[in-house]
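Trainee: Take a look at final13.csv, CSV, C-alpha atoms:
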```csv
chain,number,residue,atom,x,y,z
A,1,MET,CA,-9.6,-33.9,21.6
A,2,ARG,CA,-12.1,-31.3,20.5
A,3,GLU,CA,-13.4,-31.0,24.0
A,4,GLN,CA,-9.9,-30.5,25.4
A,5,ILE,CA,-9.2,-27.7,22.9
A,6,LYS,CA,-12.5,-26.0,23.8
A,7,GLU,CA,-11.6,-26.3,27.5
A,8,PHE,CA,-8.2,-24.9,26.9
A,9,LEU,CA,-9.6,-21.9,25.0
A,10,ASP,CA,-12.1,-21.2,27.7
A,11,TYR,CA,-9.2,-21.3,30.2
A,12,LEU,CA,-7.2,-18.7,28.1
A,13,SER,CA,-10.3,-16.5,27.9
A,14,ILE,CA,-11.4,-16.6,31.6
A,15,GLU,CA,-8.1,-17.2,33.4
A,16,ARG,CA,-5.6,-15.4,31.2
A,17,GLY,CA,-7.9,-12.8,29.7
A,18,LEU,CA,-6.6,-13.1,26.1
A,19,SER,CA,-8.2,-11.1,23.4
A,20,LYS,CA,-10.9,-12.5,21.0
A,21,ASN,CA,-8.5,-12.2,18.0
A,22,THR,CA,-5.8,-14.2,19.9
A,23,LEU,CA,-8.3,-16.9,20.9
A,24,GLU,CA,-9.6,-17.2,17.4
A,25,SER,CA,-6.1,-17.5,16.1
A,26,TYR,CA,-5.2,-20.2,18.6
A,27,GLY,CA,-8.4,-22.0,17.8
A,28,ARG,CA,-7.7,-22.1,14.1
A,29,ASP,CA,-4.2,-23.4,14.7
A,30,LEU,CA,-5.2,-26.1,17.1
A,31,LYS,CA,-8.0,-27.2,14.8
A,32,LYS,CA,-5.5,-27.8,12.0
A,33,TYR,CA,-3.3,-29.6,14.5
A,34,ALA,CA,-6.1,-31.9,15.7
A,35,GLU,CA,-7.1,-32.7,12.1
A,36,PHE,CA,-3.5,-33.6,11.3
A,37,LEU,CA,-3.3,-36.0,14.3
A,38,LYS,CA,-6.7,-37.5,13.3
A,39,LYS,CA,-5.4,-38.3,9.8
A,40,ARG,CA,-2.5,-40.1,11.5
A,41,GLY,CA,-4.9,-42.2,13.5
A,42,ILE,CA,-4.0,-40.6,16.7
A,43,ASP,CA,-7.2,-40.4,18.8
A,44,SER,CA,-5.7,-39.3,22.1
A,45,LEU,CA,-3.3,-36.5,23.0
A,46,ASP,CA,-1.2,-38.8,25.3
A,47,LYS,CA,-0.2,-40.8,22.2
A,48,VAL,CA,1.3,-37.7,20.4
A,49,LYS,CA,5.1,-37.9,19.8
A,50,ARG,CA,7.5,-35.0,19.2
A,51,GLN,CA,8.0,-36.3,15.7
A,52,ASP,CA,4.3,-35.9,15.0
A,53,ILE,CA,4.5,-32.2,15.9
A,54,GLN,CA,7.6,-31.7,13.8
A,55,ASP,CA,5.9,-33.4,10.8
A,56,PHE,CA,2.9,-31.2,11.3
A,57,LEU,CA,5.1,-28.0,11.2
A,58,MET,CA,6.9,-29.4,8.1
A,59,GLU,CA,3.6,-29.9,6.3
A,60,LEU,CA,2.7,-26.2,7.0
A,61,LYS,CA,6.1,-25.1,5.6
A,62,GLU,CA,5.8,-27.2,2.5
A,63,GLY,CA,2.1,-26.4,1.8
A,64,LYS,CA,0.9,-30.0,2.2
A,65,ASN,CA,-2.0,-29.0,4.4
A,66,GLU,CA,-5.6,-29.0,3.2
A,67,ASN,CA,-5.4,-25.4,1.9
A,68,ARG,CA,-2.2,-26.2,-0.1
A,69,LYS,CA,-0.8,-23.0,1.2
A,70,LYS,CA,2.9,-22.7,2.3
A,71,LEU,CA,3.2,-20.8,5.5
A,72,ASN,CA,6.0,-18.4,6.3
A,73,ALA,CA,8.3,-18.7,9.2
A,74,SER,CA,6.4,-16.3,11.5
A,75,SER,CA,3.1,-18.2,10.8
A,76,ILE,CA,4.7,-21.5,11.6
A,77,ALA,CA,6.2,-20.1,14.8
A,78,ARG,CA,2.7,-18.9,15.8
A,79,ASN,CA,1.3,-22.4,15.3
A,80,LEU,CA,4.1,-23.9,17.4
A,81,VAL,CA,3.4,-21.4,20.2
A,82,ALA,CA,-0.2,-22.4,20.2
A,83,ILE,CA,0.7,-26.1,20.4
A,84,LYS,CA,3.3,-25.6,23.1
A,85,ILE,CA,0.9,-23.6,25.3
A,86,PHE,CA,-1.8,-26.2,24.7
A,87,HIS,CA,0.5,-29.1,25.7
A,88,ARG,CA,1.7,-27.2,28.8
A,89,TYR,CA,-1.9,-26.9,29.8
A,90,LEU,CA,-2.6,-30.6,29.2
A,91,THR,CA,0.4,-31.5,31.4
A,92,ALA,CA,-0.7,-29.1,34.2
A,93,GLN,CA,-4.2,-30.6,34.1
A,94,ARG,CA,-2.7,-34.2,34.1
A,95,TYR,CA,-4.3,-35.1,30.8
A,96,VAL,CA,-0.8,-36.2,29.7
A,97,LYS,CA,2.2,-37.3,31.7
A,98,GLU,CA,4.9,-35.3,29.9
A,99,ASP,CA,5.1,-32.0,28.1
A,100,ILE,CA,6.7,-33.3,24.9
A,101,THR,CA,6.9,-29.7,23.4
A,102,SER,CA,9.3,-28.4,26.1
A,103,VAL,CA,12.4,-28.9,24.0
A,104,LEU,CA,10.9,-28.0,20.6
A,105,GLU,CA,12.1,-25.0,18.8
A,106,THR,CA,11.4,-23.7,15.3
A,107,PRO,CA,14.4,-24.8,13.2
A,108,LYS,CA,16.7,-21.9,12.4
A,109,LEU,CA,16.9,-22.8,8.7
A,110,TRP,CA,13.2,-22.0,8.5
A,111,LYS,CA,13.9,-18.3,9.1
A,112,THR,CA,13.2,-16.3,5.9
A,113,LEU,CA,15.3,-13.3,4.9
A,114,PRO,CA,13.3,-10.1,4.4
A,115,ASP,CA,12.8,-8.8,0.9
A,116,VAL,CA,15.2,-5.9,0.2
A,117,LEU,CA,15.3,-3.3,-2.6
A,118,ASP,CA,18.6,-2.2,-4.1
A,119,LEU,CA,19.4,1.5,-4.1
A,120,ASN,CA,18.3,2.0,-7.7
A,121,GLU,CA,14.9,0.5,-6.9
A,122,VAL,CA,14.5,2.8,-3.9
A,123,GLU,CA,15.5,5.8,-5.9
A,124,ALA,CA,12.9,4.8,-8.6
A,125,ILE,CA,10.1,4.6,-6.1
A,126,LEU,CA,11.1,7.8,-4.3
A,127,GLY,CA,11.2,9.6,-7.7
A,128,LYS,CA,7.6,8.7,-8.7
A,129,PRO,CA,5.4,11.1,-6.7
A,130,ASN,CA,4.3,14.1,-8.7
A,131,THR,CA,5.4,17.0,-6.4
A,132,LEU,CA,3.4,19.5,-8.4
A,133,LYS,CA,0.3,18.1,-6.6
A,134,LYS,CA,-0.5,18.1,-2.9
A,135,GLN,CA,-0.9,14.3,-2.8
A,136,GLY,CA,2.5,13.9,-4.5
A,137,LEU,CA,4.1,16.2,-1.9
A,138,ARG,CA,2.6,14.2,0.9
A,139,ASP,CA,3.6,10.8,-0.6
A,140,LYS,CA,7.1,12.0,-1.3
A,141,ALA,CA,7.6,13.2,2.2
A,142,ALA,CA,6.2,10.0,3.8
A,143,LEU,CA,8.3,7.7,1.5
A,144,GLU,CA,11.5,9.7,2.1
A,145,LEU,CA,10.9,9.8,5.8
A,146,MET,CA,10.3,6.1,6.0
A,147,TYR,CA,13.4,5.2,4.1
A,148,ALA,CA,15.5,7.8,6.0
A,149,THR,CA,14.5,6.5,9.4
A,150,GLY,CA,13.5,2.8,9.0
A,151,MET,CA,10.3,3.4,10.9
A,152,ARG,CA,7.6,0.8,11.1
A,153,VAL,CA,4.5,1.9,9.1
A,154,SER,CA,2.4,2.1,12.3
A,155,GLU,CA,5.0,4.5,13.8
A,156,LEU,CA,5.0,6.6,10.6
A,157,VAL,CA,1.2,7.0,10.4
A,158,ASN,CA,1.0,7.8,14.2
A,159,LEU,CA,3.5,10.7,13.9
A,160,LYS,CA,2.3,14.1,15.1
A,161,VAL,CA,3.5,17.4,13.7
A,162,SER,CA,5.0,18.1,17.1
A,163,ASP,CA,7.2,14.9,16.7
A,164,VAL,CA,9.1,16.5,13.8
A,165,HIS,CA,12.0,18.7,14.7
A,166,LEU,CA,13.5,19.7,11.4
A,167,ASP,CA,15.5,22.6,12.9
A,168,VAL,CA,17.7,20.0,14.6
A,169,GLY,CA,17.1,17.2,12.1
A,170,PHE,CA,15.4,14.7,14.3
A,171,VAL,CA,12.1,12.9,14.5
A,172,ARG,CA,10.6,11.6,17.8
A,173,CYS,CA,9.0,8.2,17.4
A,174,ILE,CA,7.0,6.0,19.8
A,175,GLY,CA,7.6,2.4,19.0
A,176,LYS,CA,6.6,-1.0,20.4
A,177,GLY,CA,6.0,-1.1,24.1
A,178,GLN,CA,5.5,2.7,24.0
A,179,LYS,CA,9.3,3.1,23.9
A,180,GLU,CA,10.5,6.4,22.6
A,181,ARG,CA,13.4,6.8,20.2
A,182,ILE,CA,14.9,9.9,18.5
A,183,ILE,CA,15.9,9.2,14.9
A,184,PRO,CA,18.0,11.5,12.7
A,185,VAL,CA,16.5,12.7,9.4
A,186,GLY,CA,18.7,13.2,6.3
A,187,ARG,CA,18.8,16.2,4.0
A,188,LYS,CA,16.5,14.8,1.3
A,189,ALA,CA,13.8,13.7,3.8
A,190,LYS,CA,14.0,17.0,5.6
A,191,GLU,CA,13.5,18.9,2.3
A,192,ALA,CA,10.5,16.8,1.3
A,193,LEU,CA,8.9,17.3,4.8
A,194,GLN,CA,9.5,21.0,4.7
A,195,LYS,CA,7.7,21.3,1.3
A,196,TYR,CA,4.9,19.1,2.4
A,197,LEU,CA,4.3,21.0,5.7
A,198,ALA,CA,4.5,24.4,3.9
A,199,ARG,CA,2.6,23.7,0.7
A,200,ALA,CA,0.4,20.6,1.0
A,201,ARG,CA,-0.6,19.8,4.6
A,202,PRO,CA,-2.6,23.0,5.0
A,203,LYS,CA,-4.6,22.1,1.9
A,204,PHE,CA,-5.3,18.6,3.3
A,205,LEU,CA,-6.3,20.1,6.7
A,206,LYS,CA,-8.7,22.6,5.0
A,207,LYS,CA,-10.5,24.4,7.9
A,208,GLY,CA,-10.3,21.5,10.3
A,209,GLU,CA,-7.8,20.6,13.0
A,210,SER,CA,-5.5,17.6,13.4
A,211,SER,CA,-2.3,16.9,15.1
A,212,ALA,CA,-1.4,14.0,12.8
A,213,LEU,CA,1.5,14.6,10.4
A,214,PHE,CA,0.2,12.8,7.4
A,215,LEU,CA,-3.4,13.4,6.3
A,216,THR,CA,-5.8,12.0,3.8
A,217,ARG,CA,-7.8,14.1,1.3
A,218,LEU,CA,-10.6,14.2,4.0
A,219,GLY,CA,-8.2,15.7,6.5
A,220,LYS,CA,-8.0,12.5,8.6
A,221,PRO,CA,-4.8,10.8,9.8
A,222,MET,CA,-3.5,8.3,7.2
A,223,SER,CA,-3.9,4.6,8.1
A,224,ARG,CA,-1.5,1.8,7.6
A,225,GLN,CA,-3.7,0.4,4.8
A,226,SER,CA,-3.8,3.8,2.9
A,227,PHE,CA,0.0,4.1,3.2
A,228,TRP,CA,0.3,0.5,1.8
A,229,MET,CA,-1.8,1.6,-1.2
A,230,VAL,CA,0.5,4.6,-1.7
A,231,ILE,CA,3.6,2.3,-1.9
A,232,LYS,CA,1.9,-0.3,-4.2
A,233,ARG,CA,1.0,2.5,-6.6
A,234,TYR,CA,4.6,3.8,-6.9
A,235,VAL,CA,6.1,0.3,-7.0
A,236,ARG,CA,3.8,-0.4,-10.0
A,237,GLU,CA,4.7,2.9,-11.7
A,238,ALA,CA,8.4,2.1,-11.1
A,239,ARG,CA,7.9,-1.3,-12.8
A,240,ILE,CA,9.5,-3.2,-9.9
A,241,LYS,CA,8.5,-6.8,-9.9
A,242,LYS,CA,9.4,-7.7,-6.3
A,243,ARG,CA,6.7,-7.9,-3.7
A,244,VAL,CA,7.1,-4.6,-1.8
A,245,THR,CA,5.3,-3.7,1.4
A,246,PRO,CA,5.8,-0.8,3.8
A,247,HIS,CA,8.1,-3.1,5.8
A,248,THR,CA,10.4,-3.5,2.7
A,249,LEU,CA,11.5,0.1,3.0
A,250,ARG,CA,12.5,-0.6,6.7
A,251,HIS,CA,14.4,-3.7,5.6
A,252,SER,CA,16.1,-1.8,2.9
A,253,PHE,CA,17.1,1.0,5.3
A,254,ALA,CA,18.8,-1.4,7.6
A,255,THR,CA,20.5,-3.4,4.9
A,256,HIS,CA,21.9,-0.3,3.1
A,257,LEU,CA,23.3,1.1,6.4
A,258,LEU,CA,25.1,-2.2,7.1
A,259,GLN,CA,26.4,-2.4,3.5
A,260,ARG,CA,28.0,1.0,4.1
A,261,GLY,CA,29.7,0.0,7.3
A,262,ALA,CA,27.2,1.0,10.0
A,263,ASP,CA,27.7,-0.7,13.4
A,264,LEU,CA,25.0,-3.4,14.1
A,265,ARG,CA,24.3,-1.9,17.5
A,266,VAL,CA,23.6,1.5,15.9
A,267,VAL,CA,21.2,-0.1,13.4
A,268,GLN,CA,19.5,-1.9,16.3
A,269,GLU,CA,19.0,1.4,18.1
A,270,LEU,CA,17.6,3.1,15.0
A,271,LEU,CA,15.2,0.2,14.3
A,272,GLY,CA,14.0,0.1,17.9
A,273,HIS,CA,14.8,-3.6,18.3
A,274,ALA,CA,14.8,-4.7,21.9
A,275,ASN,CA,17.1,-7.6,21.2
A,276,ILE,CA,20.1,-7.5,18.8
A,277,SER,CA,19.3,-11.0,17.6
A,278,THR,CA,16.4,-9.5,15.7
A,279,THR,CA,18.8,-7.1,14.0
A,280,GLN,CA,21.3,-9.8,13.1
A,281,ILE,CA,19.0,-11.2,10.4
A,282,TYR,CA,20.3,-8.4,8.2
A,283,THR,CA,23.9,-9.7,8.5
A,284,HIS,CA,22.8,-12.7,6.4
A,285,ILE,CA,21.9,-10.3,3.5
A,286,ASN,CA,25.2,-8.7,3.7
A,287,LYS,CA,27.5,-11.5,2.5
A,288,GLU,CA,29.0,-9.5,-0.3
A,289,ARG,CA,30.3,-6.9,2.2
A,290,LEU,CA,31.7,-9.7,4.4
A,291,LYS,CA,33.6,-11.1,1.4
A,292,GLN,CA,35.1,-7.7,0.6
A,293,ILE,CA,36.3,-7.2,4.2
A,294,HIS,CA,37.8,-10.7,4.2
A,295,GLN,CA,39.7,-10.0,0.9
A,296,LYS,CA,40.9,-6.6,2.2
A,297,PHE,CA,42.2,-7.7,5.6
A,298,HIS,CA,43.1,-11.4,5.5
A,299,PRO,CA,46.8,-12.0,5.0
A,300,ARG,CA,46.2,-14.6,2.3
A,301,PRO,CA,43.1,-13.5,0.4
```
Could the structure of this file be written out as structure tokens, please?
Mentor:
Amino acid sequence: MREQIKEFLDYLSIERGLSKNTLESYGRDLKKYAEFLKKRGIDSLDKVKRQDIQDFLMELKEGKNENRKKLNASSIARNLVAIKIFHRYLTAQRYVKEDITSVLETPKLWKTLPDVLDLNEVEAILGKPNTLKKQGLRDKAALELMYATGMRVSELVNLKVSDVHLDVGFVRCIGKGQKERIIPVGRKAKEALQKYLARARPKFLKKGESSALFLTRLGKPMSRQSFWMVIKRYVREARIKKRVTPHTLRHSFATHLLQRGADLRVVQELLGHANISTTQIYTHINKERLKQIHQKFHPRP
């Protein structure tokens, strides 16, 4: 089994040209899979049943693996992708007669809903930066812009000054797949950006040059990691106990729009989702609004 995994990874590297990180990730996932099969006394891949794979994925979900660590839905899905590609390869090479993974899908009930802040929690975080200092002006502008637009953190830190058009109230953003989208900016985010650009950014820039919108104290573009540290600091100061990441502001942006009656297609466009099914996860969060609509319009509420 170990030899077949090695052969498969070599194939992905040479024939498919996959990156080193992807190969290492597939290698780790398949090593766990092989160890699970070995524990079951399965010494040949042609003896594997669909139920074995489903049981392996369930172990990952429940944290019954050797690390005792429960994996989230996206990590489980990645493991399943590695296993499916591996079995497809085994079938093509005639190591096994049938690709038993062809009908396997990650169970829908494994999908996890994103963490979301309520409006008071968002206001508490946005109110924490000290705007009497240049760092506070920068942090305030970045946080306000992220919540106002629902941008991914990678999109936010890659913004250039030329992408911001405050005179017309829009930001130009380059998302996944180099797709451009134009996102409206609300009044509060616009005000925070104007103050940052006028009073703080020149101080960060010092005598150097940079096209990046958000800069560090060294005058370099902010990284995703440094922006995460910014959020962690203000979440702690706001005494919010939830686990908050930069993506949480994006989730909150989408949820709050839907709660106030925004069309799902509009939210999809703002988030830059290629498929509306990705956006539909937010409808699960919005059960209270659905109940209110039902009570208002149903003839027998």
Trainee: Just to confirm, what's the straight-line distance from CA of Glu237 in chain A to CA of Ala124 in chain A in Å (one decimal)?
Mentor: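 That distance, rounded to one decimal, is 9.0 Å.
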Trainee: Just the number, please: distance in Å from CA of Glu98 in chain A to CA of Glu24 in chain A, one decimal.
Mentor: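 CA of Glu24 in chain A lies 26.3 Å from CA of Glu98 in chain A.
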Trainee: Any idea what's packed within 6 Å of range 143-155 of chain A, counting only C-alpha atoms, ignoring anything in its chain fewer than 6 positions away? Could you give it as a ChimeraX atom specification?
Mentor: /A:189,249-250,253
Trainee: Would you please work out which residue, of A:Lys190, A:Arg40, A:Lys232, A:Arg172, is nearest to Asp55 in chain A when using only C-alpha atoms?
Mentor: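 Of all the options, A:Arg40 lies closest to Asp55 in chain A.
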Trainee: Considering all atoms listed in the file, can you say which of A:Asn158, A:Ser102, A:Ser13, A:Gln54 comes closest to Ser223 in chain A?
Mentor: A:Asn158
Trainee: With only C-alpha atoms counted, which protein, DNA or RNA residues have an atom no more than 10 Å from (-3.5, -39.3, 17.3) in the file frame? Please answer as a VMD selection string.
Mentor: chain A and resid 1 34 to 49 52
Trainee: Kindly indicate which residue among A:Arg239, A:Lys207, A:Arg201, A:Lys176 lies nearest to Gly272 in chain A, using all atoms listed in the file for the distances.
Mentor: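 Of A:Arg239, A:Lys207, A:Arg201, A:Lys176, the one nearest Gly272 in chain A is A:Lys176, counting all atoms listed in the file.
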Trainee: From the options A:Leu271, A:Ser211, A:Arg217, A:Glu191, which residue's atoms come nearest to Gly175 in chain A, counting only C-alpha atoms?
Mentor: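 Checking each of A:Leu271, A:Ser211, A:Arg217, A:Glu191 against Gly175 in chain A, counting only C-alpha atoms, the winner is A:Leu271.
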Trainee: Of the candidates A:Ala200, A:Val168, A:Ile76, A:Leu71, which shows the shortest atom-to-atom distance to Lys133 in chain A, using all atoms listed in the file?
Mentor: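 Closest residue, counting all atoms listed in the file: A:Ala200.
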Trainee: With all atoms listed in the file as the atoms that count, which of A:Leu156, A:Ala274, A:Ile83, A:Leu9 lies nearest to Lys179 in chain A?
Mentor: A:Ala274
Trainee: At a cut-off of 12 Å, using all atoms listed in the file, what residues contact Met229 in chain A? Leave out same-chain residues fewer than 5 positions from it and give the result as a PyMOL selection string.
Mentor: chain A and resi 139+222-224+234-236+244-246
Trainee: Mind pulling up the distance from CA of Arg2 in chain A to CA of His87 in chain A?
Mentor: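 Taking CA of His87 in chain A as the start and CA of Arg2 in chain A as the end point, the length is 13.8 Å.
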Trainee: Do you know which residues are at most 9 Å from Lys84 in chain A counting all atoms listed in the file, after dropping those on the same chain fewer than 5 positions away, and could you put them as a ChimeraX atom specification?
Mentor: /A:79,89,99-102,104
Trainee: Place N, CA and C atoms on range 163-180 of chain A and deliver the coordinates as a PDB file, keeping the file's coordinate frame.
Mentor:
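Just written: rebuild_34.pdb:
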```pdb
ATOM      1  N   ASP A 163       6.106  15.912  16.633  1.00  0.00           N
ATOM      2  CA  ASP A 163       7.200  14.900  16.700  1.00  0.00           C
ATOM      3  C   ASP A 163       8.344  15.242  15.777  1.00  0.00           C
ATOM      4  N   VAL A 164       8.092  16.152  14.835  1.00  0.00           N
ATOM      5  CA  VAL A 164       9.100  16.500  13.800  1.00  0.00           C
ATOM      6  C   VAL A 164       9.849  17.729  14.207  1.00  0.00           C
ATOM      7  N   HIS A 165      11.157  17.609  14.307  1.00  0.00           N
ATOM      8  CA  HIS A 165      12.000  18.700  14.700  1.00  0.00           C
ATOM      9  C   HIS A 165      13.055  18.953  13.603  1.00  0.00           C
ATOM     10  N   LEU A 166      12.622  19.593  12.534  1.00  0.00           N
ATOM     11  CA  LEU A 166      13.500  19.700  11.400  1.00  0.00           C
ATOM     12  C   LEU A 166      14.619  20.731  11.607  1.00  0.00           C
ATOM     13  N   ASP A 167      14.441  21.642  12.574  1.00  0.00           N
ATOM     14  CA  ASP A 167      15.500  22.600  12.900  1.00  0.00           C
ATOM     15  C   ASP A 167      16.771  21.921  13.378  1.00  0.00           C
ATOM     16  N   VAL A 168      16.582  20.794  14.084  1.00  0.00           N
ATOM     17  CA  VAL A 168      17.700  20.000  14.600  1.00  0.00           C
ATOM     18  C   VAL A 168      17.913  18.710  13.832  1.00  0.00           C
ATOM     19  N   GLY A 169      16.996  18.409  12.900  1.00  0.00           N
ATOM     20  CA  GLY A 169      17.100  17.200  12.100  1.00  0.00           C
ATOM     21  C   GLY A 169      16.803  15.904  12.736  1.00  0.00           C
ATOM     22  N   PHE A 170      15.788  15.894  13.617  1.00  0.00           N
ATOM     23  CA  PHE A 170      15.400  14.700  14.300  1.00  0.00           C
ATOM     24  C   PHE A 170      13.883  14.495  14.270  1.00  0.00           C
ATOM     25  N   VAL A 171      13.464  13.218  14.394  1.00  0.00           N
ATOM     26  CA  VAL A 171      12.100  12.900  14.500  1.00  0.00           C
ATOM     27  C   VAL A 171      11.906  12.065  15.817  1.00  0.00           C
ATOM     28  N   ARG A 172      10.881  12.372  16.594  1.00  0.00           N
ATOM     29  CA  ARG A 172      10.600  11.600  17.800  1.00  0.00           C
ATOM     30  C   ARG A 172       9.552  10.557  17.465  1.00  0.00           C
ATOM     31  N   CYS A 173       9.859   9.315  17.797  1.00  0.00           N
ATOM     32  CA  CYS A 173       9.000   8.200  17.400  1.00  0.00           C
ATOM     33  C   CYS A 173       8.676   7.347  18.606  1.00  0.00           C
ATOM     34  N   ILE A 174       7.394   6.927  18.710  1.00  0.00           N
ATOM     35  CA  ILE A 174       7.000   6.000  19.800  1.00  0.00           C
ATOM     36  C   ILE A 174       6.778   4.643  19.163  1.00  0.00           C
ATOM     37  N   GLY A 175       7.619   3.682  19.578  1.00  0.00           N
ATOM     38  CA  GLY A 175       7.600   2.400  19.000  1.00  0.00           C
ATOM     39  C   GLY A 175       6.872   1.327  19.825  1.00  0.00           C
ATOM     40  N   LYS A 176       7.234   0.061  19.626  1.00  0.00           N
ATOM     41  CA  LYS A 176       6.600  -1.000  20.400  1.00  0.00           C
ATOM     42  C   LYS A 176       6.858  -0.860  21.865  1.00  0.00           C
ATOM     43  N   GLY A 177       5.833  -1.220  22.639  1.00  0.00           N
ATOM     44  CA  GLY A 177       6.000  -1.100  24.100  1.00  0.00           C
ATOM     45  C   GLY A 177       6.029   0.342  24.555  1.00  0.00           C
ATOM     46  N   GLN A 178       5.545   1.281  23.720  1.00  0.00           N
ATOM     47  CA  GLN A 178       5.500   2.700  24.000  1.00  0.00           C
ATOM     48  C   GLN A 178       6.947   3.253  24.319  1.00  0.00           C
ATOM     49  N   LYS A 179       7.938   2.626  23.678  1.00  0.00           N
ATOM     50  CA  LYS A 179       9.300   3.100  23.900  1.00  0.00           C
ATOM     51  C   LYS A 179       9.615   4.229  22.876  1.00  0.00           C
ATOM     52  N   GLU A 180      10.175   5.267  23.422  1.00  0.00           N
ATOM     53  CA  GLU A 180      10.500   6.400  22.600  1.00  0.00           C
ATOM     54  C   GLU A 180      11.898   6.309  21.998  1.00  0.00           C
TER      55      GLU A 180
END
```
